[in-house]
$ cat protein-v4.cif   # mmCIF, C-alpha atoms
data_entry
#
loop_
_atom_site.label_atom_id
_atom_site.label_comp_id
_atom_site.auth_asym_id
_atom_site.auth_seq_id
_atom_site.Cartn_x
_atom_site.Cartn_y
_atom_site.Cartn_z
CA MET J 1 -29.25 -31.63 54.42
CA PRO J 2 -31.06 -28.85 56.30
CA LEU J 3 -32.40 -29.77 59.71
CA ASN J 4 -36.02 -29.59 58.63
CA VAL J 5 -35.41 -32.26 55.94
CA TRP J 6 -34.52 -34.72 58.71
CA THR J 7 -37.31 -33.76 61.06
CA SER J 8 -40.16 -32.86 58.69
CA TRP J 9 -42.93 -35.33 57.90
CA PRO J 10 -43.92 -36.24 54.35
CA LEU J 11 -46.78 -34.13 53.02
CA PRO J 12 -50.28 -35.30 54.02
CA GLU J 13 -51.09 -35.48 50.31
CA ALA J 14 -48.20 -37.96 49.93
CA LEU J 15 -49.38 -40.23 52.77
CA SER J 16 -53.11 -40.07 52.08
CA ARG J 17 -54.97 -42.00 49.42
CA ALA J 18 -58.06 -39.81 49.67
CA ASP J 19 -57.56 -38.40 46.18
CA ASP J 20 -57.26 -41.84 44.59
CA SER J 21 -60.19 -43.04 42.57
CA GLY J 22 -62.58 -45.56 44.10
CA ALA J 23 -61.55 -48.23 41.60
CA ARG J 24 -57.87 -47.76 42.42
CA ARG J 25 -58.50 -48.01 46.16
CA TRP J 26 -60.52 -51.19 45.79
CA ILE J 27 -57.95 -52.77 43.48
CA GLY J 28 -55.22 -52.01 46.04
CA ARG J 29 -57.27 -53.50 48.86
CA CYS J 30 -58.01 -56.65 46.89
CA VAL J 31 -54.35 -57.12 45.93
CA ARG J 32 -53.25 -56.70 49.56
CA ALA J 33 -55.95 -59.09 50.78
CA VAL J 34 -54.99 -61.76 48.22
CA ALA J 35 -51.29 -61.38 49.09
CA VAL J 36 -51.94 -61.75 52.84
CA VAL J 37 -54.22 -64.76 52.36
CA ALA J 38 -51.76 -66.47 50.02
CA LEU J 39 -48.86 -65.76 52.37
CA MET J 40 -50.63 -67.08 55.45
CA TRP J 41 -52.05 -70.07 53.61
CA SER J 42 -48.63 -71.14 52.34
CA THR J 43 -47.29 -70.87 55.88
CA LEU J 44 -50.05 -72.24 58.09
CA VAL J 45 -51.01 -75.33 56.07
CA GLY J 46 -47.84 -77.06 57.28
CA PRO J 47 -47.90 -79.71 59.99
CA GLY J 48 -46.44 -77.37 62.62
CA PHE J 49 -49.68 -75.36 63.03
CA ARG J 50 -52.46 -77.36 64.58
CA GLY J 51 -54.96 -76.63 67.33
CA TRP J 52 -54.05 -73.75 69.59
CA ALA J 53 -50.93 -72.99 67.56
CA LEU J 54 -53.08 -72.30 64.51
CA VAL J 55 -55.41 -70.10 66.58
CA ALA J 56 -52.42 -68.17 67.96
CA ALA J 57 -51.01 -67.70 64.46
CA LEU J 58 -54.32 -66.39 63.13
CA ALA J 59 -54.68 -64.05 66.12
CA GLY J 60 -51.14 -62.78 65.60
CA THR J 61 -51.90 -62.15 61.93
CA ALA J 62 -55.04 -60.20 62.80
CA ALA J 63 -53.16 -58.16 65.44
CA THR J 64 -50.39 -57.42 62.93
CA LEU J 65 -52.86 -56.19 60.33
CA MET J 66 -54.56 -53.96 62.91
CA ALA J 67 -51.18 -52.60 64.04
CA PHE J 68 -50.25 -51.82 60.44
CA ARG J 69 -53.55 -50.01 59.92
CA ALA J 70 -53.01 -47.99 63.11
CA PHE J 71 -49.44 -47.21 62.02
CA PHE J 72 -50.73 -45.77 58.75
CA ARG J 73 -53.24 -43.59 60.61
CA THR J 74 -50.77 -42.26 63.20
CA THR J 75 -48.20 -41.39 60.52
CA LEU J 76 -50.91 -39.63 58.52
CA ALA J 77 -51.73 -37.62 61.68
CA HIS J 78 -47.97 -36.88 62.19
CA ARG J 79 -47.88 -38.46 65.66
CA LEU J 80 -44.28 -39.53 66.09
CA TRP J 81 -44.13 -41.48 69.36
CA PRO J 82 -47.32 -43.52 68.80
CA SER J 83 -45.98 -44.32 65.32
CA VAL J 84 -42.65 -45.48 66.73
CA ALA J 85 -44.44 -47.55 69.39
CA LEU J 86 -46.58 -49.27 66.74
CA PHE J 87 -43.47 -49.87 64.65
CA ALA J 88 -41.84 -51.57 67.64
CA ALA J 89 -44.98 -53.69 68.09
CA LEU J 90 -44.75 -54.78 64.47
CA GLU J 91 -41.11 -55.74 64.96
CA ALA J 92 -42.09 -57.75 68.00
CA GLY J 93 -44.76 -59.46 65.89
CA ALA J 94 -42.13 -60.38 63.32
CA PHE J 95 -40.01 -61.98 66.08
CA GLY J 96 -43.12 -63.83 67.22
CA PHE J 97 -43.71 -65.25 63.75
CA GLU J 98 -40.03 -66.22 63.48
CA SER J 99 -40.00 -67.97 66.83
CA GLY J 100 -43.23 -69.79 65.94
CA GLY J 101 -41.79 -71.20 62.75
CA ALA J 102 -43.58 -68.84 60.33
CA HIS J 103 -40.36 -67.71 58.67
CA LEU J 104 -41.88 -66.34 55.47
CA PRO J 105 -44.39 -63.99 57.23
CA ALA J 106 -41.59 -62.79 59.52
CA THR J 107 -39.36 -61.99 56.54
CA VAL J 108 -42.17 -60.17 54.71
CA LEU J 109 -43.04 -58.20 57.85
CA TRP J 110 -39.43 -57.09 58.43
CA CYS J 111 -39.06 -56.00 54.81
CA ALA J 112 -42.44 -54.23 54.78
CA CYS J 113 -41.56 -52.39 58.01
CA GLY J 114 -38.23 -51.29 56.55
CA LEU J 115 -39.89 -49.91 53.42
CA THR J 116 -42.80 -48.27 55.24
CA ALA J 117 -40.62 -46.57 57.85
CA LEU J 118 -38.61 -44.79 55.16
CA GLU J 119 -41.75 -43.79 53.28
CA ARG J 120 -43.95 -42.49 56.11
CA LEU J 121 -41.72 -41.34 59.00
CA PRO J 122 -39.39 -38.33 59.26
CA LEU J 123 -35.91 -39.30 58.14
CA ALA J 124 -34.53 -38.80 61.65
CA ALA J 125 -36.84 -41.58 62.87
CA GLY J 126 -37.39 -43.48 59.61
CA ILE J 127 -33.73 -44.30 58.93
CA PRO J 128 -33.07 -45.86 62.39
CA CYS J 129 -36.36 -47.78 62.28
CA SER J 130 -35.70 -49.03 58.76
CA ALA J 131 -32.12 -49.94 59.68
CA ALA J 132 -33.38 -51.91 62.70
CA ALA J 133 -35.93 -53.84 60.63
CA LEU J 134 -33.65 -54.59 57.68
CA GLY J 135 -30.67 -55.23 59.95
CA THR J 136 -32.68 -57.79 61.90
CA PHE J 137 -33.70 -59.41 58.64
CA ALA J 138 -30.05 -59.58 57.55
CA LEU J 139 -28.91 -61.08 60.87
CA VAL J 140 -31.66 -63.68 61.00
CA ARG J 141 -31.17 -64.71 57.36
CA SER J 142 -27.36 -64.80 57.58
CA ASP J 143 -26.97 -68.19 55.86
CA ASN J 144 -26.10 -66.35 52.61
CA LEU J 145 -24.71 -63.09 53.91
CA LEU J 146 -23.90 -61.42 50.59
CA THR J 147 -27.36 -62.05 49.16
CA THR J 148 -29.06 -60.95 52.37
CA VAL J 149 -27.05 -57.73 52.68
CA THR J 150 -27.64 -56.93 49.02
CA THR J 151 -31.37 -57.53 49.46
CA ALA J 152 -31.50 -55.35 52.58
CA GLY J 153 -29.61 -52.54 50.82
CA GLY J 154 -31.88 -52.76 47.79
CA LEU J 155 -34.94 -52.62 50.04
CA ALA J 156 -33.58 -49.53 51.82
CA LEU J 157 -32.93 -47.83 48.50
CA ALA J 158 -36.40 -48.83 47.27
CA GLY J 159 -37.94 -47.38 50.42
CA TYR J 160 -36.21 -44.04 49.88
CA VAL J 161 -37.25 -44.01 46.21
CA VAL J 162 -40.84 -44.70 47.26
CA ARG J 163 -40.59 -41.79 49.71
CA LEU J 164 -39.33 -39.44 46.97
CA ASP J 165 -42.09 -40.61 44.64
CA ALA J 166 -44.71 -40.03 47.34
CA GLU J 167 -43.31 -36.55 48.03
CA SER J 168 -43.43 -35.73 44.33
CA ARG J 169 -47.00 -36.98 44.12
CA GLY J 170 -47.92 -35.00 47.23
CA ASN J 171 -46.41 -31.79 45.82
CA THR J 172 -48.29 -32.32 42.57
CA ARG J 173 -51.57 -32.81 44.41
CA ARG J 174 -50.96 -29.76 46.58
CA LEU J 175 -50.14 -27.59 43.55
CA LEU J 176 -53.24 -28.91 41.80
CA ALA J 177 -55.40 -28.07 44.83
CA GLN J 178 -53.89 -24.57 44.99
CA GLU J 179 -54.49 -24.06 41.28
CA ARG J 180 -58.11 -25.17 41.66
CA ALA J 181 -58.56 -22.81 44.62
CA ALA J 182 -56.99 -19.96 42.64
CA ARG J 183 -59.26 -20.64 39.68
CA ALA J 184 -62.30 -20.75 41.96
CA ALA J 185 -61.27 -17.46 43.58
CA GLU J 186 -60.65 -15.92 40.16
CA ALA J 187 -64.06 -17.07 38.93
CA GLU J 188 -65.71 -15.71 42.07
CA SER J 189 -63.89 -12.39 41.69
CA ALA J 190 -64.93 -12.18 38.04
CA ALA J 191 -68.53 -12.94 39.01
CA LEU J 192 -68.47 -10.24 41.69
CA ALA J 193 -66.97 -7.75 39.24
CA GLU J 194 -69.67 -8.57 36.69
CA ARG J 195 -72.36 -8.22 39.35
CA SER J 196 -70.95 -4.83 40.33
CA ARG J 197 -70.93 -3.78 36.69
CA ILE J 198 -74.54 -4.84 36.18
CA ALA J 199 -75.51 -3.11 39.43
CA ARG J 200 -73.90 0.12 38.20
CA GLU J 201 -75.77 -0.16 34.90
CA ILE J 202 -79.10 -0.70 36.66
CA HIS J 203 -78.47 2.20 39.02
CA ASP J 204 -77.38 4.60 36.29
CA VAL J 205 -80.23 3.79 33.91
CA LEU J 206 -82.98 3.80 36.52
CA ALA J 207 -81.63 6.84 38.38
CA HIS J 208 -81.65 8.90 35.19
CA SER J 209 -85.06 7.75 33.97
CA LEU J 210 -86.94 7.66 37.26
CA SER J 211 -85.60 11.00 38.48
CA ALA J 212 -86.82 12.63 35.26
CA GLN J 213 -90.24 11.13 35.78
CA LEU J 214 -90.24 12.28 39.40
CA VAL J 215 -89.60 15.85 38.27
CA HIS J 216 -92.68 15.85 36.07
CA LEU J 217 -94.84 13.93 38.57
CA GLU J 218 -93.85 16.37 41.30
CA ALA J 219 -94.86 19.22 39.04
CA VAL J 220 -98.19 17.52 38.33
CA ARG J 221 -98.80 17.02 42.04
CA MET J 222 -98.11 20.65 42.84
CA MET J 223 -100.33 21.84 39.98
CA ILE J 224 -103.19 19.67 41.15
CA GLN J 225 -102.69 20.74 44.76
CA ARG J 226 -102.56 24.47 43.97
CA SER J 227 -105.05 24.62 41.10
CA THR J 228 -108.57 25.93 41.70
CA ASP J 229 -109.82 24.98 38.27
CA LEU J 230 -108.42 21.67 36.98
CA GLU J 231 -110.15 22.17 33.63
CA GLU J 232 -108.03 25.23 32.90
CA ASP J 233 -104.84 23.41 33.87
CA ARG J 234 -105.71 20.33 31.84
CA ALA J 235 -103.34 21.17 29.00
CA ARG J 236 -100.38 21.66 31.32
CA LEU J 237 -101.20 18.50 33.27
CA LEU J 238 -101.48 16.55 30.04
CA GLU J 239 -98.13 17.93 28.92
CA ARG J 240 -96.49 16.74 32.12
CA VAL J 241 -98.09 13.29 31.90
CA VAL J 242 -96.95 12.97 28.28
CA ALA J 243 -93.44 13.97 29.40
CA CYS J 244 -93.54 11.28 32.08
CA ARG J 245 -94.53 8.73 29.46
CA GLY J 246 -91.64 9.89 27.33
CA MET J 247 -89.26 9.52 30.27
CA ALA J 248 -90.56 6.00 30.89
CA ARG J 249 -89.97 5.14 27.25
CA GLU J 250 -86.51 6.67 27.52
CA GLY J 251 -85.81 4.52 30.58
CA LEU J 252 -86.88 1.44 28.69
CA ASP J 253 -84.62 2.40 25.80
CA GLY J 254 -81.81 3.03 28.28
CA THR J 255 -82.29 -0.41 29.78
CA ARG J 256 -82.13 -1.98 26.34
CA GLU J 257 -79.04 0.08 25.62
CA ALA J 258 -77.43 -1.13 28.85
CA LEU J 259 -78.12 -4.72 27.87
CA SER J 260 -76.63 -4.05 24.46
CA ALA J 261 -73.59 -2.50 26.13
CA LEU J 262 -73.15 -5.59 28.28
CA ARG J 263 -73.14 -7.61 25.06
CA GLY J 264 -70.64 -5.21 23.49
CA GLU J 265 -73.13 -3.68 21.03
CA MET J 266 -73.20 0.12 21.31
CA ALA J 267 -74.07 3.08 19.10
CA PRO J 268 -71.51 5.91 18.71
CA VAL J 269 -71.24 8.24 21.71
CA GLU J 270 -71.87 11.37 19.62
CA ASP J 271 -75.24 10.01 18.43
CA PHE J 272 -76.27 9.27 21.97
CA LEU J 273 -75.24 12.73 23.20
CA ARG J 274 -77.05 14.46 20.35
CA ARG J 275 -80.27 12.60 21.10
CA LEU J 276 -79.87 13.37 24.79
CA ALA J 277 -79.15 17.04 24.09
CA ALA J 278 -82.25 17.31 21.92
CA THR J 279 -84.40 15.64 24.58
CA GLU J 280 -83.02 17.57 27.55
CA GLY J 281 -82.54 20.91 25.80
CA VAL J 282 -78.83 21.22 26.59
CA GLN J 283 -75.98 22.66 24.52
CA LEU J 284 -73.57 20.10 23.05
CA ASP J 285 -70.03 20.86 21.80
CA VAL J 286 -67.78 18.21 20.22
CA THR J 287 -64.06 18.93 19.65
CA GLY J 288 -61.29 16.79 18.23
CA GLU J 289 -61.37 14.08 15.60
CA ALA J 290 -64.20 11.65 16.30
CA ARG J 291 -63.30 7.96 16.45
CA ALA J 292 -64.69 4.68 17.70
CA LEU J 293 -64.29 4.25 21.45
CA PRO J 294 -63.88 1.09 23.51
CA ALA J 295 -67.17 -0.22 24.86
CA GLU J 296 -66.30 0.47 28.50
CA ALA J 297 -65.14 4.03 27.79
CA GLY J 298 -68.24 4.81 25.74
CA LEU J 299 -70.48 3.37 28.45
CA ALA J 300 -68.74 5.47 31.10
CA LEU J 301 -69.34 8.66 29.06
CA ARG J 302 -73.02 7.81 28.68
CA ARG J 303 -73.60 7.05 32.35
CA VAL J 304 -71.66 10.06 33.64
CA VAL J 305 -73.59 12.53 31.49
CA GLN J 306 -76.87 10.90 32.51
CA GLU J 307 -75.97 11.08 36.20
CA ALA J 308 -74.80 14.67 35.87
CA LEU J 309 -78.06 15.70 34.19
CA THR J 310 -80.01 13.85 36.88
CA ASN J 311 -78.19 15.87 39.55
CA VAL J 312 -78.97 19.09 37.68
CA ARG J 313 -82.68 18.24 37.73
CA LYS J 314 -82.52 17.47 41.43
CA HIS J 315 -80.39 20.33 42.72
CA ALA J 316 -80.51 23.06 40.05
CA PRO J 317 -83.90 22.96 38.34
CA GLY J 318 -84.17 25.36 35.41
CA ALA J 319 -80.39 25.74 34.97
CA ARG J 320 -78.77 26.00 31.55
CA VAL J 321 -76.53 23.00 30.88
CA ARG J 322 -73.58 22.71 28.52
CA VAL J 323 -72.03 19.35 27.58
CA ARG J 324 -68.58 19.29 25.95
CA LEU J 325 -67.03 16.13 24.42
CA GLU J 326 -63.32 16.30 23.61
CA TYR J 327 -61.34 13.71 21.63
CA ALA J 328 -57.65 13.81 22.60
CA ALA J 329 -54.74 11.73 21.37
CA ASP J 330 -54.76 9.12 24.16
CA ASP J 331 -58.01 9.76 25.96
CA VAL J 332 -61.43 11.31 25.73
CA GLY J 333 -62.87 14.01 27.97
CA LEU J 334 -66.38 14.95 28.99
CA GLU J 335 -67.47 18.13 30.77
CA VAL J 336 -70.99 18.83 32.04
CA CYS J 337 -71.51 22.23 33.62
CA ASP J 338 -74.65 24.13 34.60
CA SER J 339 -75.33 27.79 35.23
CA GLY J 340 -77.00 27.29 38.58
CA GLY J 341 -80.71 26.74 39.14
CA ARG J 342 -83.14 29.58 38.85
CA ALA J 343 -85.45 27.88 41.36
CA ALA J 344 -84.78 26.46 44.79
CA PRO J 345 -84.34 22.67 44.94
CA GLY J 346 -87.61 20.95 45.70
CA GLU J 347 -88.45 17.70 47.41
CA LEU J 348 -86.66 15.80 44.64
CA ALA J 349 -83.29 17.00 45.93
CA GLY J 350 -83.60 14.64 48.89
CA SER J 351 -84.31 11.57 46.76
CA GLY J 352 -81.72 9.04 45.72
CA SER J 353 -79.04 7.14 47.61
CA GLY J 354 -76.35 9.83 47.50
CA TYR J 355 -73.89 7.52 45.75
CA GLY J 356 -74.19 9.00 42.24
CA LEU J 357 -70.92 10.93 42.17
CA LEU J 358 -69.14 8.16 44.06
CA GLY J 359 -70.35 5.60 41.52
CA MET J 360 -69.18 7.80 38.64
CA ARG J 361 -65.77 8.22 40.24
CA GLU J 362 -65.43 4.47 40.82
CA ARG J 363 -66.42 3.82 37.21
CA ALA J 364 -63.71 6.22 35.98
CA GLU J 365 -61.04 4.77 38.27
CA LEU J 366 -61.80 1.23 37.12
CA LEU J 367 -60.94 2.36 33.60
CA GLY J 368 -57.77 4.15 34.70
CA GLY J 369 -59.33 7.60 34.31
CA THR J 370 -60.27 10.47 36.59
CA LEU J 371 -63.43 12.29 37.52
CA GLU J 372 -63.60 15.71 39.15
CA SER J 373 -66.71 17.48 40.35
CA GLY J 374 -67.42 20.62 42.30
CA PRO J 375 -68.76 24.18 42.19
CA ASP J 376 -67.90 26.30 39.18
CA GLU J 377 -68.06 30.06 38.56
CA GLU J 378 -71.79 29.93 37.95
CA GLY J 379 -73.03 26.54 39.04
CA PHE J 380 -71.61 23.01 39.19
CA VAL J 381 -69.25 21.15 36.87
CA VAL J 382 -68.37 17.47 36.32
CA ARG J 383 -65.21 16.62 34.36
CA LEU J 384 -64.36 13.09 33.21
CA ARG J 385 -61.30 11.77 31.39
CA VAL J 386 -60.84 8.13 30.45
CA PRO J 387 -58.20 6.41 28.29
CA ALA J 388 -59.49 5.64 24.81
#

$ encode --input "protein-v4.cif" --output "structure tokens"
Amino acid sequence: MPLNVWTSWPLPEALSRADDSGARRWIGRCVRAVAVVALMWSTLVGPGFRGWALVAALAGTAATLMAFRAFFRTTLAHRLWPSVALFAALEAGAFGFESGGAHLPATVLWCACGLTALERLPLAAGIPCSAAALGTFALVRSDNLLTTVTTAGGLALAGYVVRLDAESRGNTRRLLAQERAARAAEAESAALAERSRIAREIHDVLAHSLSAQLVHLEAVRMMIQRSTDLEEDRARLLERVVACRGMAREGLDGTREALSALRGEMAPVEDFLRRLAATEGVQLDVTGEARALPAEAGLALRRVVQEALTNVRKHAPGARVRVRLEYAADDVGLEVCDSGGRAAPGELAGSGSGYGLLGMRERAELLGGTLESGPDEEGFVVRLRVPA
């Protein structure tokens, strides 16, 4: 055997009864209590125990039970020398019972010590302790040597079998605890991933809708601030306010669409892009054979084009925008490019968290795709490819 087999303690899960049900623990306690009472009653009712002898026998029984309880605790805590010292005290108690005429309790105590030592101590200490207890039992009960030796050998074998059974039970409990911890960690990871997904949806929908409203509200503010005759500018102001209302409605529709996407219910990507192109006034080109896309891929295309158009409004107001959707054999590509703004970026360029492109890139990488963005010949371009 390897050295650690001789010196290692049984698993805490094998020695502890903490995982046992309450009913099982109480049944075990009641059985042990009945056995001890019956054993002591059958021994102490004899004529040899009267007066102080009976008191001494009862005190020795109580001390033995306390020593056994302490032995169980020290072995559970893997404290070797206190455990060996308590084992020696129990052996001394067995000799005390034997010398006092309580032969049956002494025999039971020697046998119990032999079994318990093999079950709860490292083999390097458990085998000598068990051999001492069972050997003493065999020497004291040597009137029928063959029967006594056979009984002692059977008890030693039973003790080792009990140890193996406890180790197997401990390993099972440990594996079960690890499996429960792994399931809890997996559930927590899934919950965090779902929260991140919902957070991305909220960001993408609100960033697109609110930034469009901010563009129109900023224009309204500047018109009111610079206008000398609000009555003349009423038509333009009304147009901007109506546009803001349309953007708010679009944001509400986008939120509903995001909820539908989370449920797995989505309209075709081409329909969404055509509606968006008509609303935003951008050019849309579709190449390749159209087909149904996975929900996550379709959602990524929607959010990336929305974020790209939001950035155009912020940083290149008035630019011409072209959106190109390409169906390939194993993936689908999206390209959003602008011609560069004809006006300088206004106050809206400083709004937002600055994580739009980073969020788009993370979304693409989660799907095993890529996202590239940067200056183009005329303006700015965003290219997305995702497996589909």

$ resolve_selection --input "protein-v4.cif" --expression "the PyMOL selection byres ((chain J and resi 58-63) around 9)" --output "list in words"
Met40, Leu44, Ala53, Leu54, Val55, Ala56, Ala57, Thr64, Leu65, Met66, Ala67, Phe68, Gly93, Gly96 and Phe97 of chain J

$ atom_distance --input "protein-v4.cif" --atom1 "atom CA of Arg240 of chain J" --atom2 "atom CA of Ala219 of chain J"
7.5 Å

$ residues_around --input "protein-v4.cif" --residues "Leu90 of chain J" --least-positions-apart "2" --cutoff "9 Å" --atoms "all atoms listed in the file" --output "list in words"
Thr64, Ala67, Phe68, Ala85, Leu86, Phe87, Ala88, Ala92, Gly93, Ala94, Phe95, Leu109, Trp110 and Cys113 of chain J

$ resolve_selection --input "protein-v4.cif" --expression "the PyMOL selection byres ((chain J and resi 76) around 7)" --output "ChimeraX atom specification"
/J:12,15-16,72-75,77-78

$ atom_distance --input "protein-v4.cif" --atom1 "atom CA of Arg163 of chain J" --atom2 "atom CA of Ser142 of chain J"
27.7 Å

$ residues_around --input "protein-v4.cif" --residues "segment 116-126 of chain J" --least-positions-apart "2" --cutoff "7 Å" --atoms "only C-alpha atoms" --output "number ranges by chain"
J: 6-10, 15, 75, 112-114, 128-130, 159-160, 162-163

$ write_last_selection --input "protein-v4.cif" --atoms "C-alpha atoms" --output "mmCIF file, keeping the file's coordinate frame"
data_model
loop_
_atom_site.group_PDB
_atom_site.id
_atom_site.type_symbol
_atom_site.label_atom_id
_atom_site.label_comp_id
_atom_site.auth_asym_id
_atom_site.auth_seq_id
_atom_site.Cartn_x
_atom_site.Cartn_y
_atom_site.Cartn_z
ATOM 1 C CA TRP J 6 -34.520 -34.720 58.710
ATOM 2 C CA THR J 7 -37.310 -33.760 61.060
ATOM 3 C CA SER J 8 -40.160 -32.860 58.690
ATOM 4 C CA TRP J 9 -42.930 -35.330 57.900
ATOM 5 C CA PRO J 10 -43.920 -36.240 54.350
ATOM 6 C CA LEU J 15 -49.380 -40.230 52.770
ATOM 7 C CA THR J 75 -48.200 -41.390 60.520
ATOM 8 C CA ALA J 112 -42.440 -54.230 54.780
ATOM 9 C CA CYS J 113 -41.560 -52.390 58.010
ATOM 10 C CA GLY J 114 -38.230 -51.290 56.550
ATOM 11 C CA PRO J 128 -33.070 -45.860 62.390
ATOM 12 C CA CYS J 129 -36.360 -47.780 62.280
ATOM 13 C CA SER J 130 -35.700 -49.030 58.760
ATOM 14 C CA GLY J 159 -37.940 -47.380 50.420
ATOM 15 C CA TYR J 160 -36.210 -44.040 49.880
ATOM 16 C CA VAL J 162 -40.840 -44.700 47.260
ATOM 17 C CA ARG J 163 -40.590 -41.790 49.710
#

$ atom_distance --input "protein-v4.cif" --atom1 "atom CA of Gly153 of chain J" --atom2 "atom CA of Ala131 of chain J"
9.6 Å

$ resolve_selection --input "protein-v4.cif" --expression "the PyMOL selection byres ((chain J and resi 320) around 9)" --output "list in words"
Gly281, Val282, Gln283, Gly318, Ala319, Val321, Arg322, Cys337, Asp338, Ser339, Gly340 and Gly341 of chain J

$ closest_residue --input "protein-v4.cif" --among "J:Asp376, J:Leu134, J:Val386, J:Leu293" --to "Leu115 of chain J" --atoms "all atoms listed in the file"
J:Leu134

$ closest_residue --input "protein-v4.cif" --among "J:Ala248, J:Ala190, J:Leu276, J:Val305" --to "Leu217 of chain J" --atoms "all atoms listed in the file"
J:Ala248

$ residues_around --input "protein-v4.cif" --residues "Leu237 of chain J" --least-positions-apart "5" --cutoff "9 Å" --atoms "only C-alpha atoms" --output "list in words"
Ala219, Val220, Met223, Ile224, Leu230 and Val242 of chain J

$ closest_residue --input "protein-v4.cif" --among "J:Ala290, J:Val31, J:Val323, J:Cys111" --to "Gly154 of chain J" --atoms "only C-alpha atoms"
J:Cys111

$ residues_around --input "protein-v4.cif" --residues "Phe272 of chain J" --least-positions-apart "5" --cutoff "9 Å" --atoms "all atoms listed in the file" --output "PyMOL selection string"
chain J and resi 267+277+302

$ decode --input "protein-v4.cif" --residues "segment 324-342 of chain J" --atoms "C-alpha atoms" --output "JSON list (two decimals), in the first residue's frame"
[["chain", "number", "residue", "atom", "x", "y", "z"],
["J", 324, "ARG", "CA", -25.42, 45.76, -47.01],
["J", 325, "LEU", "CA", -26.67, 42.31, -45.90],
["J", 326, "GLU", "CA", -24.86, 39.31, -47.37],
["J", 327, "TYR", "CA", -25.95, 35.67, -47.07],
["J", 328, "ALA", "CA", -22.94, 33.34, -47.40],
["J", 329, "ALA", "CA", -22.75, 29.56, -47.24],
["J", 330, "ASP", "CA", -21.78, 29.26, -43.55],
["J", 331, "ASP", "CA", -22.33, 32.73, -42.19],
["J", 332, "VAL", "CA", -24.06, 36.04, -42.73],
["J", 333, "GLY", "CA", -22.41, 39.44, -43.07],
["J", 334, "LEU", "CA", -23.55, 42.96, -42.36],
["J", 335, "GLU", "CA", -21.83, 46.18, -43.44],
["J", 336, "VAL", "CA", -22.89, 49.68, -42.40],
["J", 337, "CYS", "CA", -20.87, 52.52, -43.89],
["J", 338, "ASP", "CA", -21.45, 56.27, -44.01],
["J", 339, "SER", "CA", -20.09, 58.99, -46.25],
["J", 340, "GLY", "CA", -19.00, 61.28, -43.45],
["J", 341, "GLY", "CA", -21.13, 63.97, -41.83],
["J", 342, "ARG", "CA", -21.80, 67.21, -43.61]]
